[in-house]
Amino acid sequence: MKRRGILFVISAPSGAGKSTICSSLRLTPDTVYSVSCTTRPPRPGEIDGEDYHFIDVDTFEKHIAEGDFLEYANVHGRYYGTLRQTIVDHLRDGIDVLVDIDVQGAANIRQCTDPFIQDSLADIFIMPPSLDELRYRLLKRGTETEEQIEHRLTTAASEMKCWRDYRYTIISGSMEEDLQKFRAITRAERYLSRRIVTLED
Ligand code: 5GP
C-alpha cells in the first residue's frame, strides 16, 4: 500500500503568519514547498530558487503562453504563478506539496478540471484575528512602506471574505497554536482512506 501525495493549498492575507507555517513544514522530508515564480523583486534576504523564482515579465508571459502554470494571478500589481510539472511529479511519487498562494490562485486550482489535482487537494485558509492585528504584524515585520501596508490591508479585507470557500479555516493565534492546528489538519488528511493506493488499483 502506498499513499498519493496531498496538494496543501494555503492562503492567508499578507502578514497573517503563513510563512511561519510554511517554513516549519519545509523541514519535513515527505513534504516539499512549491517555489512559485514571481515578477516582483526579491526582498532583502530572499533567495532566488528558494523563496521564489524571480523572473521578468517576458519570461513569465512565455510560461503563460506555453501552459506551464497550474495557476497564476496578479497580486499587488505583480505576477505570481505555480508551475504545474514539479507539483504533479511529486504528488505521483507520494510526496506532499505545500503551495502558498493567494485567494485567486486557490480558486483557480479548485476550478481545475483535472481529477488528479482535485483528488489531491486540501485547501486551508489562515484567518487573521483582526485587521488591526494584521496592521500591527505588518508594521512589526517592517518590510513594506506605510503605503504598501495600507494596500495590503485593503487586499486582506477582501481576501478575508473568502474563508468559506476553503475546506479548513485556522483562526490565527500564537505561532505555536497555528502550527498545532495546521499539523492536526495535515495528519488527518494523510490518513484518508481514499489517498491509499494498492497494487490492485
Ligand atoms: P509576497 O509578495 O508577500 O511574497 O506574496 C504576496 C501574495 O502572493 C501572497 O498572498 C502569496 O500567497 C501570493 N502568492 C505567492 N505565490 C503565488 C503563486 O504562485 N500564485 C498565486 N496565485 N499567488 C501567490
# chains A, B, ... in the order shown; residues from 1 in each chain; ligands from 1

call {"tool": "closest_atom_pairs", "arguments": {"of": "chain A", "to": "ligand 1", "cutoff": "6 Å", "atoms": "only C-alpha atoms and all ligand atoms", "output": "CSV"}}
result
residue,atom,partner,partner_atom_place_in_ligand_line,distance
A:Ser11,CA,ligand 1,12 (O),5.7
A:Pro13,CA,ligand 1,10 (O),5.7
A:Ser14,CA,ligand 1,10 (O),5.4
A:Ser36,CA,ligand 1,19 (O),4.3
A:Tyr72,CA,ligand 1,22 (N),4.8
A:Ala73,CA,ligand 1,22 (N),4.5
A:Val75,CA,ligand 1,8 (O),5.6
A:Tyr80,CA,ligand 1,18 (C),4.4
A:Gly81,CA,ligand 1,19 (O),3.4
A:Thr82,CA,ligand 1,19 (O),4.0
A:Asp100,CA,ligand 1,12 (O),4.8
A:Ile101,CA,ligand 1,12 (O),3.4
A:Asp102,CA,ligand 1,10 (O),4.1
A:Gln104,CA,ligand 1,22 (N),5.7
A:Gly105,CA,ligand 1,22 (N),3.5

call {"tool": "select_by_dssp", "arguments": {"residues": "stretch 33-158 of chain A", "states": "helix (DSSP H, G or I)", "output": "PyMOL selection string"}}
result
chain A and resi 57-65+84-92+103-110+115-120+131-141+146-158

call {"tool": "residues_around", "arguments": {"residues": "stretch 127-131 of chain A", "least_positions_apart": "6", "cutoff": "12 Å", "atoms": "only C-alpha atoms", "output": "PDB file with C-alpha atoms, in the first residue's frame"}}
result
ATOM      1  CA  ILE A  10      -2.632  27.523   1.968  1.00  0.00           C
ATOM      2  CA  SER A  11      -3.852  31.109   1.688  1.00  0.00           C
ATOM      3  CA  ALA A  12      -3.744  33.954   4.128  1.00  0.00           C
ATOM      4  CA  PRO A  13      -3.657  37.704   3.931  1.00  0.00           C
ATOM      5  CA  SER A  14      -0.113  39.004   3.900  1.00  0.00           C
ATOM      6  CA  GLY A  15       1.249  39.095   7.463  1.00  0.00           C
ATOM      7  CA  ALA A  16      -1.199  36.516   8.873  1.00  0.00           C
ATOM      8  CA  GLY A  17       1.595  34.139   9.862  1.00  0.00           C
ATOM      9  CA  LYS A  18       1.583  31.854   6.846  1.00  0.00           C
ATOM     10  CA  ARG A 137       2.142  42.399  12.428  1.00  0.00           C
ATOM     11  CA  LEU A 138       2.973  44.107   9.122  1.00  0.00           C
ATOM     12  CA  ILE A 149       0.847  48.253   4.153  1.00  0.00           C
ATOM     13  CA  GLU A 150      -2.409  50.135   3.536  1.00  0.00           C
ATOM     14  CA  ARG A 152      -2.078  45.049   1.625  1.00  0.00           C
ATOM     15  CA  LEU A 153      -4.712  45.717   4.296  1.00  0.00           C
ATOM     16  CA  THR A 154      -7.294  46.616   1.653  1.00  0.00           C
ATOM     17  CA  THR A 155      -6.472  43.383  -0.196  1.00  0.00           C
ATOM     18  CA  ALA A 156      -6.609  41.495   3.121  1.00  0.00           C
ATOM     19  CA  ALA A 157     -10.108  42.769   3.886  1.00  0.00           C
ATOM     20  CA  SER A 158     -11.444  41.351   0.618  1.00  0.00           C
ATOM     21  CA  GLU A 159      -9.435  38.100   0.927  1.00  0.00           C
ATOM     22  CA  MET A 160     -10.866  37.510   4.406  1.00  0.00           C
ATOM     23  CA  LYS A 161     -14.326  37.221   2.851  1.00  0.00           C
ATOM     24  CA  CYS A 162     -13.251  34.055   1.005  1.00  0.00           C
ATOM     25  CA  TRP A 163     -12.664  31.788   4.018  1.00  0.00           C
ATOM     26  CA  ARG A 164     -15.816  29.733   3.412  1.00  0.00           C
ATOM     27  CA  TYR A 166     -11.743  26.549   1.824  1.00  0.00           C
ATOM     28  CA  TYR A 168     -10.292  24.279   6.519  1.00  0.00           C
ATOM     29  CA  THR A 169     -10.021  27.603   8.316  1.00  0.00           C
ATOM     30  CA  ILE A 170      -7.461  28.293  11.019  1.00  0.00           C
ATOM     31  CA  ILE A 171      -8.159  31.374  13.113  1.00  0.00           C
ATOM     32  CA  SER A 172      -4.677  32.648  13.720  1.00  0.00           C
ATOM     33  CA  GLY A 173      -3.487  32.859  17.319  1.00  0.00           C
ATOM     34  CA  SER A 174       0.062  32.439  18.541  1.00  0.00           C
ATOM     35  CA  MET A 175       2.636  30.926  16.196  1.00  0.00           C
ATOM     36  CA  ASP A 178      -1.299  27.938  14.420  1.00  0.00           C
TER      37      ASP A 178
END

call {"tool": "residues_around", "arguments": {"residues": "A:Leu25", "least_positions_apart": "3", "cutoff": "10 Å", "atoms": "only C-alpha atoms", "output": "list in words"}}
result
Ser19, Thr20, Ile21, Cys22, Thr28, Pro29, Asp30, Thr31, Val32, Tyr33, Val97, Leu98, Leu179, Phe182 and Arg183 of chain A

call {"tool": "write_last_selection", "arguments": {"atoms": "N, CA, C and O atoms", "output": "PDB file, in the first residue's frame"}}
result
ATOM      1  N   SER A  19       3.945  32.354   6.546  1.00  0.00           N
ATOM      2  CA  SER A  19       5.345  31.977   6.278  1.00  0.00           C
ATOM      3  C   SER A  19       5.896  31.096   7.384  1.00  0.00           C
ATOM      4  O   SER A  19       6.685  30.198   7.126  1.00  0.00           O
ATOM      5  N   THR A  20       5.465  31.366   8.635  1.00  0.00           N
ATOM      6  CA  THR A  20       5.945  30.549   9.758  1.00  0.00           C
ATOM      7  C   THR A  20       5.522  29.103   9.544  1.00  0.00           C
ATOM      8  O   THR A  20       6.317  28.171   9.686  1.00  0.00           O
ATOM      9  N   ILE A  21       4.262  28.918   9.194  1.00  0.00           N
ATOM     10  CA  ILE A  21       3.759  27.565   8.965  1.00  0.00           C
ATOM     11  C   ILE A  21       4.510  26.935   7.803  1.00  0.00           C
ATOM     12  O   ILE A  21       4.962  25.797   7.880  1.00  0.00           O
ATOM     13  N   CYS A  22       4.656  27.681   6.729  1.00  0.00           N
ATOM     14  CA  CYS A  22       5.303  27.123   5.541  1.00  0.00           C
ATOM     15  C   CYS A  22       6.746  26.735   5.838  1.00  0.00           C
ATOM     16  O   CYS A  22       7.192  25.669   5.438  1.00  0.00           O
ATOM     17  N   THR A  28      10.286  19.005   6.887  1.00  0.00           N
ATOM     18  CA  THR A  28       9.984  17.569   6.931  1.00  0.00           C
ATOM     19  C   THR A  28      10.307  16.918   5.582  1.00  0.00           C
ATOM     20  O   THR A  28      10.091  17.517   4.525  1.00  0.00           O
ATOM     21  N   PRO A  29      10.818  15.677   5.611  1.00  0.00           N
ATOM     22  CA  PRO A  29      11.295  15.058   4.372  1.00  0.00           C
ATOM     23  C   PRO A  29      10.196  14.635   3.392  1.00  0.00           C
ATOM     24  O   PRO A  29      10.446  14.555   2.193  1.00  0.00           O
ATOM     25  N   ASP A  30       8.980  14.385   3.910  1.00  0.00           N
ATOM     26  CA  ASP A  30       7.941  13.900   2.995  1.00  0.00           C
ATOM     27  C   ASP A  30       7.072  15.027   2.442  1.00  0.00           C
ATOM     28  O   ASP A  30       6.034  14.795   1.839  1.00  0.00           O
ATOM     29  N   THR A  31       7.483  16.265   2.670  1.00  0.00           N
ATOM     30  CA  THR A  31       6.721  17.416   2.162  1.00  0.00           C
ATOM     31  C   THR A  31       7.671  18.380   1.467  1.00  0.00           C
ATOM     32  O   THR A  31       8.741  18.674   1.997  1.00  0.00           O
ATOM     33  N   VAL A  32       7.280  18.850   0.312  1.00  0.00           N
ATOM     34  CA  VAL A  32       8.101  19.870  -0.339  1.00  0.00           C
ATOM     35  C   VAL A  32       7.297  21.153  -0.476  1.00  0.00           C
ATOM     36  O   VAL A  32       6.069  21.128  -0.489  1.00  0.00           O
ATOM     37  N   TYR A  33       8.011  22.232  -0.546  1.00  0.00           N
ATOM     38  CA  TYR A  33       7.393  23.540  -0.710  1.00  0.00           C
ATOM     39  C   TYR A  33       7.480  23.899  -2.180  1.00  0.00           C
ATOM     40  O   TYR A  33       8.538  23.782  -2.793  1.00  0.00           O
ATOM     41  N   VAL A  97       2.839  18.321  -1.304  1.00  0.00           N
ATOM     42  CA  VAL A  97       3.339  19.609  -1.808  1.00  0.00           C
ATOM     43  C   VAL A  97       2.570  20.744  -1.132  1.00  0.00           C
ATOM     44  O   VAL A  97       1.343  20.719  -1.083  1.00  0.00           O
ATOM     45  N   LEU A  98       3.310  21.685  -0.609  1.00  0.00           N
ATOM     46  CA  LEU A  98       2.694  22.837   0.037  1.00  0.00           C
ATOM     47  C   LEU A  98       2.766  24.036  -0.908  1.00  0.00           C
ATOM     48  O   LEU A  98       3.853  24.416  -1.349  1.00  0.00           O
ATOM     49  N   LEU A 179       0.594  26.452  14.356  1.00  0.00           N
ATOM     50  CA  LEU A 179       1.332  25.272  13.899  1.00  0.00           C
ATOM     51  C   LEU A 179       0.643  23.980  14.329  1.00  0.00           C
ATOM     52  O   LEU A 179       0.527  23.033  13.558  1.00  0.00           O
ATOM     53  N   PHE A 182      -2.412  23.436  12.256  1.00  0.00           N
ATOM     54  CA  PHE A 182      -2.021  23.041  10.903  1.00  0.00           C
ATOM     55  C   PHE A 182      -1.570  21.582  10.862  1.00  0.00           C
ATOM     56  O   PHE A 182      -1.933  20.821   9.967  1.00  0.00           O
ATOM     57  N   ARG A 183      -0.806  21.178  11.874  1.00  0.00           N
ATOM     58  CA  ARG A 183      -0.329  19.787  11.908  1.00  0.00           C
ATOM     59  C   ARG A 183      -1.497  18.821  12.079  1.00  0.00           C
ATOM     60  O   ARG A 183      -1.471  17.714  11.545  1.00  0.00           O
TER      61      ARG A 183
END

call {"tool": "residues_around", "arguments": {"residues": "A:Ile55", "least_positions_apart": "3", "cutoff": "12 Å", "atoms": "only C-alpha atoms", "output": "tab-separated table (two decimals) with C-alpha atoms, in the first residue's frame"}}
result
chain	number	residue	atom	x	y	z
A	36	SER	CA	6.41	30.00	-7.16
A	37	CYS	CA	7.52	32.25	-9.97
A	38	THR	CA	7.07	35.97	-9.48
A	39	THR	CA	7.88	39.19	-11.27
A	40	ARG	CA	8.24	41.15	-8.03
A	41	PRO	CA	11.80	42.00	-6.98
A	42	PRO	CA	13.37	39.98	-4.13
A	48	ASP	CA	16.23	33.04	-5.89
A	49	GLY	CA	15.07	29.43	-6.35
A	52	TYR	CA	10.64	32.37	-5.37
A	58	ASP	CA	8.57	38.40	-20.64
A	59	THR	CA	9.66	35.06	-19.20
A	60	PHE	CA	6.51	34.89	-17.07
A	61	GLU	CA	4.29	35.58	-20.08
A	62	LYS	CA	6.14	32.90	-22.07
A	63	HIS	CA	5.28	30.37	-19.34
A	78	ARG	CA	2.83	41.67	-9.85
A	79	TYR	CA	2.54	38.26	-11.46
A	80	TYR	CA	2.72	35.15	-9.27
A	81	GLY	CA	2.38	31.61	-10.62

call {"tool": "atom_distance", "arguments": {"atom1": "atom CA of A:Arg4", "atom2": "atom CA of A:Asp93"}}
result
7.1 Å

call {"tool": "atom_distance", "arguments": {"atom1": "atom CA of A:Gly5", "atom2": "atom CA of A:Glu71"}}
result
18.6 Å

call {"tool": "residues_around", "arguments": {"residues": "A:Asp114", "least_positions_apart": "6", "cutoff": "12 Å", "atoms": "only C-alpha atoms", "output": "PyMOL selection string"}}
result
chain A and resi 70+84+88+108+120-121

call {"tool": "closest_residue", "arguments": {"among": "A:Lys2, A:Leu7, A:Thr198, A:Ile87", "to": "A:Ala122", "atoms": "only C-alpha atoms"}}
result
A:Leu7
